[in-house]
Every structure is written in C-alpha cells, then in structure tokens.
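Chemist: Structure supplied as target.pdb; contents: PDB, C-alpha atoms.
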```
ATOM      1  CA  MET A   1     -35.599 -35.529 -13.210
ATOM      2  CA  LEU A   2     -31.832 -35.060 -13.482
ATOM      3  CA  VAL A   3     -30.199 -32.469 -11.227
ATOM      4  CA  LEU A   4     -26.548 -31.390 -11.152
ATOM      5  CA  VAL A   5     -25.086 -29.647  -8.099
ATOM      6  CA  ILE A   6     -21.683 -27.953  -8.364
ATOM      7  CA  GLY A   7     -19.715 -26.157  -5.681
ATOM      8  CA  GLY A   8     -16.276 -25.713  -4.179
ATOM      9  CA  SER A   9     -14.850 -27.663  -1.251
ATOM     10  CA  GLY A  10     -16.937 -27.238   1.885
ATOM     11  CA  SER A  11     -19.510 -25.091   0.088
ATOM     12  CA  GLY A  12     -22.511 -27.108   1.284
ATOM     13  CA  LYS A  13     -23.187 -28.887  -1.995
ATOM     14  CA  SER A  14     -23.861 -32.254  -0.313
ATOM     15  CA  GLU A  15     -26.524 -30.769   1.933
ATOM     16  CA  THR A  16     -28.086 -29.043  -1.053
ATOM     17  CA  ALA A  17     -28.178 -32.345  -2.923
ATOM     18  CA  GLU A  18     -29.655 -34.156   0.087
ATOM     19  CA  ASN A  19     -32.384 -31.558   0.500
ATOM     20  CA  ILE A  20     -33.269 -31.726  -3.183
ATOM     21  CA  ALA A  21     -33.405 -35.534  -3.017
ATOM     22  CA  VAL A  22     -35.526 -35.517   0.150
ATOM     23  CA  GLY A  23     -37.919 -33.138  -1.641
ATOM     24  CA  PHE A  24     -38.528 -35.771  -4.305
ATOM     25  CA  GLY A  25     -39.786 -38.333  -1.780
ATOM     26  CA  GLY A  26     -39.983 -42.103  -2.360
ATOM     27  CA  LYS A  27     -37.159 -44.595  -1.867
ATOM     28  CA  ARG A  28     -33.830 -42.819  -1.521
ATOM     29  CA  THR A  29     -30.376 -44.201  -2.263
ATOM     30  CA  TYR A  30     -27.052 -42.505  -1.683
ATOM     31  CA  ILE A  31     -24.322 -43.704  -4.037
ATOM     32  CA  ALA A  32     -20.974 -42.997  -2.390
ATOM     33  CA  ALA A  33     -17.989 -42.912  -4.741
ATOM     34  CA  MET A  34     -15.306 -42.049  -2.208
ATOM     35  CA  GLU A  35     -13.047 -44.944  -1.361
ATOM     36  CA  PRO A  36     -12.112 -45.074   2.355
ATOM     37  CA  PHE A  37      -8.394 -45.392   1.550
ATOM     38  CA  SER A  38      -7.110 -43.163   4.354
ATOM     39  CA  ASP A  39      -8.087 -41.945   7.822
ATOM     40  CA  GLU A  40      -8.892 -38.568   6.323
ATOM     41  CA  ALA A  41     -11.260 -40.150   3.809
ATOM     42  CA  LYS A  42     -12.818 -42.295   6.553
ATOM     43  CA  ALA A  43     -13.444 -39.218   8.714
ATOM     44  CA  ARG A  44     -15.006 -37.386   5.785
ATOM     45  CA  ILE A  45     -17.239 -40.351   4.996
ATOM     46  CA  GLU A  46     -18.349 -40.564   8.623
ATOM     47  CA  ARG A  47     -19.152 -36.835   8.678
ATOM     48  CA  HIS A  48     -21.292 -37.246   5.550
ATOM     49  CA  ARG A  49     -22.997 -40.339   6.989
ATOM     50  CA  ALA A  50     -23.852 -38.453  10.185
ATOM     51  CA  ALA A  51     -25.250 -35.543   8.178
ATOM     52  CA  ARG A  52     -27.470 -37.904   6.191
ATOM     53  CA  ARG A  53     -28.734 -39.809   9.225
ATOM     54  CA  GLY A  54     -32.479 -39.501   9.636
ATOM     55  CA  LYS A  55     -32.987 -38.345   6.050
ATOM     56  CA  GLY A  56     -33.936 -41.857   4.929
ATOM     57  CA  PHE A  57     -31.088 -42.768   2.605
ATOM     58  CA  GLU A  58     -29.794 -46.254   1.991
ATOM     59  CA  THR A  59     -26.056 -45.962   1.303
ATOM     60  CA  VAL A  60     -24.491 -47.898  -1.559
ATOM     61  CA  GLU A  61     -20.725 -47.713  -1.915
ATOM     62  CA  ARG A  62     -19.619 -47.777  -5.510
ATOM     63  CA  TYR A  63     -16.173 -46.590  -6.542
ATOM     64  CA  THR A  64     -16.272 -47.518 -10.239
ATOM     65  CA  ASP A  65     -18.621 -49.045 -12.834
ATOM     66  CA  VAL A  66     -21.795 -47.173 -11.942
ATOM     67  CA  LYS A  67     -23.388 -48.804 -14.964
ATOM     68  CA  GLY A  68     -23.498 -52.061 -13.028
ATOM     69  CA  LEU A  69     -25.862 -50.624 -10.407
ATOM     70  CA  ASN A  70     -29.521 -51.529 -10.257
ATOM     71  CA  ILE A  71     -31.255 -48.627  -8.523
ATOM     72  CA  SER A  72     -34.718 -47.117  -8.786
ATOM     73  CA  GLY A  73     -36.522 -44.257  -7.039
ATOM     74  CA  THR A  74     -34.463 -41.233  -6.052
ATOM     75  CA  ALA A  75     -30.670 -41.376  -5.904
ATOM     76  CA  ILE A  76     -27.765 -39.084  -5.115
ATOM     77  CA  LEU A  77     -24.425 -39.768  -6.781
ATOM     78  CA  GLU A  78     -21.602 -38.176  -4.783
ATOM     79  CA  CYS A  79     -19.380 -37.177  -6.244
ATOM     80  CA  LEU A  80     -18.165 -37.038  -9.844
ATOM     81  CA  SER A  81     -14.684 -35.885  -8.902
ATOM     82  CA  ASN A  82     -14.133 -39.091  -6.916
ATOM     83  CA  LEU A  83     -15.816 -41.336  -9.451
ATOM     84  CA  LEU A  84     -13.713 -39.921 -12.297
ATOM     85  CA  ALA A  85     -10.483 -40.178 -10.292
ATOM     86  CA  ASN A  86     -11.295 -43.806  -9.452
ATOM     87  CA  GLU A  87     -12.037 -44.657 -13.086
ATOM     88  CA  MET A  88      -8.879 -42.888 -14.293
ATOM     89  CA  PHE A  89      -6.343 -43.860 -11.659
ATOM     90  CA  SER A  90      -7.452 -46.735  -9.426
ATOM     91  CA  ALA A  91      -6.756 -50.406 -10.092
ATOM     92  CA  GLY A  92     -10.476 -51.123 -10.504
ATOM     93  CA  GLY A  93     -10.978 -48.298 -13.017
ATOM     94  CA  VAL A  94     -10.998 -48.280 -16.804
ATOM     95  CA  GLY A  95      -8.138 -45.767 -17.258
ATOM     96  CA  GLU A  96      -8.316 -44.034 -20.623
ATOM     97  CA  LYS A  97     -11.961 -44.955 -21.107
ATOM     98  CA  ALA A  98     -12.921 -43.109 -17.896
ATOM     99  CA  VAL A  99     -15.002 -40.353 -19.523
ATOM    100  CA  ASP A 100     -17.167 -42.833 -21.420
ATOM    101  CA  ALA A 101     -17.515 -45.011 -18.327
ATOM    102  CA  VAL A 102     -18.665 -42.097 -16.163
ATOM    103  CA  LEU A 103     -21.052 -40.632 -18.745
ATOM    104  CA  GLY A 104     -22.386 -44.082 -19.650
ATOM    105  CA  GLY A 105     -22.922 -44.885 -15.982
ATOM    106  CA  ILE A 106     -24.812 -41.644 -15.434
ATOM    107  CA  GLU A 107     -26.965 -42.231 -18.496
ATOM    108  CA  HIS A 108     -27.817 -45.662 -17.093
ATOM    109  CA  LEU A 109     -28.712 -44.240 -13.664
ATOM    110  CA  ALA A 110     -30.724 -41.384 -15.181
ATOM    111  CA  ARG A 111     -32.843 -43.991 -16.965
ATOM    112  CA  THR A 112     -33.338 -46.427 -14.096
ATOM    113  CA  CYS A 113     -33.962 -43.797 -11.392
ATOM    114  CA  ASP A 114     -36.999 -41.522 -11.256
ATOM    115  CA  ASN A 115     -34.796 -38.753  -9.910
ATOM    116  CA  LEU A 116     -31.024 -38.507  -9.950
ATOM    117  CA  VAL A 117     -29.084 -35.793  -8.126
ATOM    118  CA  ILE A 118     -25.391 -35.622  -9.069
ATOM    119  CA  VAL A 119     -22.788 -33.778  -7.017
ATOM    120  CA  THR A 120     -19.673 -32.425  -8.709
ATOM    121  CA  ASN A 121     -16.768 -30.263  -7.694
ATOM    122  CA  GLU A 122     -15.658 -26.772  -8.724
ATOM    123  CA  ILE A 123     -11.895 -27.262  -9.127
ATOM    124  CA  PHE A 124     -11.364 -25.093 -12.192
ATOM    125  CA  SER A 125     -10.756 -21.592 -10.910
ATOM    126  CA  GLY A 126      -7.290 -21.866  -9.402
ATOM    127  CA  ASP A 127      -3.991 -22.025 -11.245
ATOM    128  CA  THR A 128      -4.178 -23.206 -14.871
ATOM    129  CA  LYS A 129      -0.565 -24.314 -15.045
ATOM    130  CA  TYR A 130      -1.309 -27.908 -14.222
ATOM    131  CA  LEU A 131       0.414 -30.594 -16.202
ATOM    132  CA  GLY A 132       0.076 -34.251 -17.149
ATOM    133  CA  ASP A 133      -2.461 -36.351 -15.255
ATOM    134  CA  THR A 134      -3.845 -33.407 -13.292
ATOM    135  CA  LYS A 135      -4.548 -31.405 -16.446
ATOM    136  CA  GLU A 136      -6.091 -34.447 -18.121
ATOM    137  CA  TYR A 137      -8.243 -35.067 -15.061
ATOM    138  CA  MET A 138      -9.447 -31.416 -15.009
ATOM    139  CA  LYS A 139     -10.190 -31.504 -18.722
ATOM    140  CA  ASN A 140     -12.188 -34.725 -18.316
ATOM    141  CA  LEU A 141     -14.153 -33.479 -15.321
ATOM    142  CA  GLY A 142     -14.903 -30.167 -17.057
ATOM    143  CA  TYR A 143     -16.125 -32.034 -20.116
ATOM    144  CA  ILE A 144     -18.313 -34.395 -18.063
ATOM    145  CA  ASN A 145     -19.766 -31.453 -16.096
ATOM    146  CA  CYS A 146     -20.746 -29.671 -19.327
ATOM    147  CA  ARG A 147     -22.345 -32.797 -20.815
ATOM    148  CA  ILE A 148     -24.377 -33.522 -17.683
ATOM    149  CA  ALA A 149     -25.422 -29.875 -17.317
ATOM    150  CA  GLU A 150     -26.660 -30.030 -20.908
ATOM    151  CA  ARG A 151     -28.789 -33.067 -20.189
ATOM    152  CA  ALA A 152     -29.909 -31.948 -16.719
ATOM    153  CA  ASP A 153     -33.339 -30.518 -15.939
ATOM    154  CA  ALA A 154     -31.849 -28.347 -13.221
ATOM    155  CA  VAL A 155     -28.331 -27.167 -12.302
ATOM    156  CA  TYR A 156     -27.431 -25.553  -8.976
ATOM    157  CA  GLU A 157     -24.265 -23.692  -8.079
ATOM    158  CA  VAL A 158     -23.585 -23.671  -4.331
ATOM    159  CA  THR A 159     -21.570 -20.931  -2.607
ATOM    160  CA  CYS A 160     -21.284 -20.590   1.190
ATOM    161  CA  GLY A 161     -24.215 -22.957   1.625
ATOM    162  CA  ILE A 162     -26.438 -20.881  -0.670
ATOM    163  CA  ALA A 163     -27.700 -22.710  -3.726
ATOM    164  CA  GLU A 164     -28.456 -20.719  -6.870
ATOM    165  CA  ARG A 165     -30.380 -22.412  -9.625
ATOM    166  CA  ILE A 166     -28.547 -21.591 -12.854
ATOM    167  CA  LYS A 167     -30.634 -23.857 -15.064
TER     168      LYS A 167
ATOM    169  CA  MET B   1     -16.571  -6.242 -26.997
ATOM    170  CA  ILE B   2     -17.946  -9.213 -25.125
ATOM    171  CA  PHE B   3     -16.118 -10.674 -22.143
ATOM    172  CA  ILE B   4     -16.571 -14.317 -21.125
ATOM    173  CA  VAL B   5     -15.013 -15.544 -17.883
ATOM    174  CA  GLY B   6     -15.121 -18.875 -16.052
ATOM    175  CA  GLY B   7     -13.051 -21.751 -14.716
ATOM    176  CA  ALA B   8     -10.832 -23.842 -16.977
ATOM    177  CA  PHE B   9     -12.661 -26.418 -19.113
ATOM    178  CA  SER B  10     -16.036 -24.923 -18.219
ATOM    179  CA  GLY B  11     -17.346 -24.672 -21.805
ATOM    180  CA  LYS B  12     -16.554 -20.998 -22.499
ATOM    181  CA  ARG B  13     -15.503 -21.455 -26.137
ATOM    182  CA  ASP B  14     -18.542 -23.617 -26.928
ATOM    183  CA  TYR B  15     -20.676 -20.913 -25.374
ATOM    184  CA  ALA B  16     -19.054 -18.194 -27.533
ATOM    185  CA  GLU B  17     -19.677 -20.319 -30.611
ATOM    186  CA  LYS B  18     -23.258 -21.208 -29.756
ATOM    187  CA  CYS B  19     -24.466 -17.897 -28.370
ATOM    188  CA  PHE B  20     -22.386 -15.317 -30.235
ATOM    189  CA  GLY B  21     -21.563 -17.158 -33.459
ATOM    190  CA  ALA B  22     -17.774 -17.051 -32.971
ATOM    191  CA  ALA B  23     -16.032 -19.251 -35.548
ATOM    192  CA  ASP B  24     -12.455 -17.967 -35.728
ATOM    193  CA  PHE B  25     -10.724 -18.504 -32.383
ATOM    194  CA  ALA B  26      -7.196 -17.351 -31.537
ATOM    195  CA  SER B  27      -5.238 -18.149 -28.395
ATOM    196  CA  GLY B  28      -4.075 -15.202 -26.294
ATOM    197  CA  ASP B  29      -0.419 -16.040 -26.953
ATOM    198  CA  GLU B  30      -0.727 -15.794 -30.749
ATOM    199  CA  PRO B  31       0.753 -12.743 -32.544
ATOM    200  CA  PHE B  32      -1.024  -9.426 -31.953
ATOM    201  CA  ASP B  33      -2.002  -9.031 -35.625
ATOM    202  CA  ARG B  34      -3.713 -12.400 -35.540
ATOM    203  CA  LEU B  35      -5.740 -11.414 -32.450
ATOM    204  CA  CYS B  36      -6.896  -8.278 -34.248
ATOM    205  CA  LYS B  37      -8.611 -10.410 -36.911
ATOM    206  CA  ALA B  38     -10.130 -13.188 -34.767
ATOM    207  CA  ASP B  39     -13.781 -13.437 -33.716
ATOM    208  CA  ALA B  40     -12.714 -14.528 -30.286
ATOM    209  CA  VAL B  41      -9.488 -14.579 -28.255
ATOM    210  CA  TYR B  42      -9.377 -17.385 -25.659
ATOM    211  CA  ASP B  43      -6.875 -18.063 -22.852
ATOM    212  CA  PHE B  44      -6.538 -14.320 -22.393
ATOM    213  CA  GLN B  45      -4.402 -15.017 -19.294
ATOM    214  CA  LEU B  46      -1.714 -16.054 -21.813
ATOM    215  CA  PHE B  47      -1.950 -12.600 -23.419
ATOM    216  CA  ALA B  48      -1.311 -11.084 -19.984
ATOM    217  CA  GLU B  49       1.580 -13.481 -19.382
ATOM    218  CA  LYS B  50       3.152 -12.634 -22.741
ATOM    219  CA  CYS B  51       2.854  -8.895 -22.029
ATOM    220  CA  MET B  52       4.499  -9.420 -18.652
ATOM    221  CA  GLU B  53       7.345 -11.444 -20.159
ATOM    222  CA  ASN B  54       7.968  -8.803 -22.819
ATOM    223  CA  GLY B  55       7.827  -5.890 -20.390
ATOM    224  CA  LEU B  56       4.664  -4.492 -22.010
ATOM    225  CA  ASP B  57       1.779  -2.909 -20.144
ATOM    226  CA  ALA B  58      -1.042  -5.471 -20.385
ATOM    227  CA  PHE B  59      -3.731  -2.839 -19.859
ATOM    228  CA  SER B  60      -2.689  -0.554 -22.724
ATOM    229  CA  GLU B  61      -2.030  -3.587 -24.944
ATOM    230  CA  THR B  62      -5.553  -4.810 -24.217
ATOM    231  CA  GLU B  63      -6.891  -1.345 -24.968
ATOM    232  CA  ARG B  64      -4.993  -1.386 -28.270
ATOM    233  CA  LEU B  65      -6.478  -4.774 -29.134
ATOM    234  CA  ILE B  66     -10.027  -3.597 -28.447
ATOM    235  CA  GLU B  67      -9.461  -0.497 -30.588
ATOM    236  CA  LYS B  68      -8.296  -2.621 -33.522
ATOM    237  CA  ASN B  69     -10.935  -5.318 -32.998
ATOM    238  CA  PRO B  70     -13.930  -3.626 -31.354
ATOM    239  CA  SER B  71     -16.306  -6.586 -31.739
ATOM    240  CA  VAL B  72     -13.858  -9.161 -30.354
ATOM    241  CA  ILE B  73     -15.022 -11.716 -27.809
ATOM    242  CA  ILE B  74     -12.416 -12.018 -25.071
ATOM    243  CA  ILE B  75     -12.392 -15.254 -23.082
ATOM    244  CA  ALA B  76     -10.381 -15.594 -19.887
ATOM    245  CA  ASP B  77      -9.897 -18.397 -17.393
ATOM    246  CA  GLU B  78     -10.665 -17.495 -13.801
ATOM    247  CA  ILE B  79      -7.348 -18.316 -12.098
ATOM    248  CA  GLY B  80      -7.659 -16.314  -8.881
ATOM    249  CA  CYS B  81      -9.545 -18.751  -6.654
ATOM    250  CA  GLY B  82      -6.803 -21.193  -5.709
ATOM    251  CA  VAL B  83      -4.020 -21.062  -3.155
ATOM    252  CA  VAL B  84      -1.586 -18.128  -3.372
ATOM    253  CA  PRO B  85       1.263 -19.381  -5.610
ATOM    254  CA  VAL B  86       4.746 -19.939  -4.155
ATOM    255  CA  GLU B  87       6.605 -18.140  -6.985
ATOM    256  CA  LYS B  88       6.476 -14.346  -7.040
ATOM    257  CA  SER B  89       6.128 -14.253 -10.833
ATOM    258  CA  ASP B  90       3.061 -16.523 -10.559
ATOM    259  CA  ARG B  91       1.598 -14.278  -7.859
ATOM    260  CA  ASP B  92       2.193 -11.206 -10.011
ATOM    261  CA  LEU B  93       0.590 -12.834 -13.025
ATOM    262  CA  ARG B  94      -2.404 -13.966 -11.014
ATOM    263  CA  GLU B  95      -2.913 -10.463  -9.648
ATOM    264  CA  LEU B  96      -2.469  -8.943 -13.096
ATOM    265  CA  CYS B  97      -5.042 -11.327 -14.605
ATOM    266  CA  GLY B  98      -7.567 -10.462 -11.898
ATOM    267  CA  ARG B  99      -7.134  -6.721 -12.465
ATOM    268  CA  LEU B 100      -7.231  -7.201 -16.204
ATOM    269  CA  ASN B 101     -10.499  -9.134 -15.872
ATOM    270  CA  CYS B 102     -11.958  -6.201 -13.907
ATOM    271  CA  MET B 103     -10.918  -3.812 -16.654
ATOM    272  CA  LEU B 104     -12.332  -6.093 -19.351
ATOM    273  CA  ALA B 105     -15.627  -6.372 -17.484
ATOM    274  CA  GLU B 106     -15.793  -2.595 -17.217
ATOM    275  CA  ARG B 107     -14.966  -2.067 -20.896
ATOM    276  CA  ALA B 108     -17.254  -4.832 -22.183
ATOM    277  CA  ASP B 109     -20.757  -4.289 -23.506
ATOM    278  CA  LYS B 110     -21.651  -7.696 -22.132
ATOM    279  CA  VAL B 111     -20.058  -9.917 -19.469
ATOM    280  CA  VAL B 112     -20.910 -13.611 -19.203
ATOM    281  CA  ARG B 113     -19.758 -16.038 -16.519
ATOM    282  CA  VAL B 114     -19.814 -19.693 -17.576
ATOM    283  CA  VAL B 115     -20.263 -22.658 -15.213
ATOM    284  CA  CYS B 116     -20.695 -26.184 -16.609
ATOM    285  CA  GLY B 117     -21.355 -24.707 -20.046
ATOM    286  CA  ILE B 118     -24.166 -22.532 -18.683
ATOM    287  CA  GLY B 119     -23.683 -18.820 -19.231
ATOM    288  CA  ARG B 120     -25.005 -16.203 -16.873
ATOM    289  CA  VAL B 121     -25.047 -12.667 -18.165
ATOM    290  CA  MET B 122     -23.647 -10.479 -15.380
ATOM    291  CA  LYS B 123     -23.624  -7.254 -17.333
TER     292      LYS B 123
END
```
What is this file in structure tokens?

Modeler:
Amino acid sequence: MLVLVIGGSGSGKSETAENIAVGFGGKRTYIAAMEPFSDEAKARIERHRAARRGKGFETVERYTDVKGLNISGTAILECLSNLLANEMFSAGGVGEKAVDAVLGGIEHLARTCDNLVIVTNEIFSGDTKYLGDTKEYMKNLGYINCRIAERADAVYEVTCGIAERIK
Amino acid sequence: MIFIVGGAFSGKRDYAEKCFGAADFASGDEPFDRLCKADAVYDFQLFAEKCMENGLDAFSETERLIEKNPSVIIIADEIGCGVVPVEKSDRDLRELCGRLNCMLAERADKVVRVVCGIGRVMK
C-alpha cells in the first residue's frame, strides 16, 4: 500500500501520516529527511520525535539516497520537500538528477516495504513569481507529487488537522 | 466554460488534457484573438496581469473571452495563499486574481480543483 499525504505548514500532516502508519501494524520505521543543520531544525525534529514517542517507530535519518535503504514492514518518509531540497542543493545530493533520485528512491521503498506513507508539502498556492532555483525546486516537487499521487493507492489532503481522502 | 484552479505545478494542464480532451493550450498572456481559438487558456493570472498593465477591466475582458469562446477551459494558478506581498501592485494583482477566480467559478458550468494531479469537481 502506497499512501501520499499533502498539507501546508503546521496542518497536521505528520500526525495524519503517523496514524495511518500505526493503523497498518507490524514493524514501523520513520525515515527522517530533515537535516539538523540549525537550532530551528533541531527543535522541529525534537517536536516530531516527541509526538511519535510511544507509537512504536524506529527512526532512521536519511537526507539523500533513499534508494540505499533496506527497510521492510511499514515506513513513513517525511518529507519530500526536505528530501528534494537535499538532493538538489546539499553537498551530498545529486543536483540536477534530483527528480530521478527521489522518484527512484520512492519506487525502491514502495517495493521493499509492505506499506509506505509519504509526507509532502503544499507550497504551491502563494506567489507564482518565483525565479531561478526556487522555481525549479517548486516545479520538481510539483512533478514528483503528481507522479507519486498517480502511483499511490490513497492520497490525503490535510487542512487544519482534518484529513480528506482525495484518492 | 470549465474552470480549473489549483497550486502551481499541480498537474492542471495534464488534467484538462486527460479529462476534457484539451489539445490546443494558450497562455493567458498571448494575444486575445489567440485565446478565442484555444481549447484551454492556462496561467490565467497572466491574463489578469496583462489587463491590469494595459488599464483594461479584467472582468469585462474575461466576459468578452467567454462570449467569443464559450467552451473554453480556463486554468488559473491559486496565488492567494501566501504572505501578503510587499509591493502594492503585487497585492492588487493578487486581490484581482482572487476576485476573478470567484467570478470564473460562478460563470463556469464546472469547477475543478486540482491537487497532486487529482481533480475534485467542486461545482
């Protein structure tokens, strides 16, 4: 089962993803793509860790190259916006080949895991006058979202903590 | 007229092609005559921007377009959910696009909102 969860910042998409994953049962892994590069990121990571506590997840930190993971059972990948940014812009990423790396990595996970819940970010409904890297990043994330939604068995859109199943 | 709205890069054009058979797409900033002949007009926020720049009323221009091309599919980016822009002209355009979207939704026979390539018929 492949599930995609999309929502804006602070919309409750992580909790939705966790609840879906817990519902699947079995061994649960949380793949964290956010690099703790600043105090703000560290605080966010800690908040997410605290929220997951007691839900039975083993946390695996993976900032790039998801294809190299060996995971079975149920997994959450959080989140695509970080993973794509890491692949595009960080030293450990693949730069221009980021889209293929992300989609290839997800395909790999979808095959090795019984259930994969992917969290992505709604960043597309503000100003459209972005340029350069930001525009390229948005275009790539939009493309990846559409491809995963196509392949997914279920897609949820989360608003104010309320998840609507749109596929 | 069919109205499709959604965030940037959310798969709106693919949806128009797949679900409504649109083949001839024109961007909102192309000449008016061209828009009158297209199956679908995308980036409709650019149509609004062009009207604003040329001192034309975007609402009556849109009305004129629909009269000349009654079966057109109009596709607009949702641009109203970010931070209020610093520049007044950007704020005005954003407001105009929001109001124009409301008018389009009212005028349309069908309204679809697209998220991750998935369309949800709202009207």

Chemist: Once the PyMOL selection byres ((chain A and resi 78) around 7) is applied to the coordinates I shared, what remains selected? I want it as a list in words.

Modeler: Ile31, Ala32, Ala33, Ile76, Leu77, Cys79, Leu80, Ile118 and Val119 of chain A

Chemist: Go through B:Gly80, B:Arg94, B:Phe20, B:Phe25 and flag the residue nearest Leu46 (chain B), using all atoms listed in the file for the distances.

Modeler: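 Looking only at the distances to Leu46 (chain B), the closest residue turns out to be B:Arg94.
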
Chemist: Do me a favour and pick out the residues of chain A within 6 Å of chain B, using all atoms listed in the file, as a list in words.

Modeler: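 Output check: Phe124, Ser125, Gly126, Asp127, Lys139, Gly142, Asn145 and Cys146 of chain A.
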
Chemist: Check which residues satisfy the PyMOL selection byres ((chain A and resi 167) around 6) in the file shown, then give them as a PyMOL selection string.

Modeler: chain A and resi 154-155+165-166

Chemist: Taking the file as I've supplied it (selection: the PyMOL selection byres ((chain A and resi 1) around 7)), which residues are included? Please answer as a list in words.

Modeler: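 Evaluating the PyMOL selection byres ((chain A and resi 1) around 7) on these coordinates yields Leu2, Val3, Asp114, Asn115, Leu116 and Asp153 of chain A.
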
Chemist: Please produce a file of those selected residues containing C-alpha atoms, as a compact mmCIF listing (two decimals), in the frame of the given file.

Modeler:
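And here is the file that came out, selection_0.txt:
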```txt
# COMPACT_ATOMS: atom_id res chain seq x y z
CA LEU A 2 -31.83 -35.06 -13.48
CA VAL A 3 -30.20 -32.47 -11.23
CA ASP A 114 -37.00 -41.52 -11.26
CA ASN A 115 -34.80 -38.75 -9.91
CA LEU A 116 -31.02 -38.51 -9.95
CA ASP A 153 -33.34 -30.52 -15.94
```
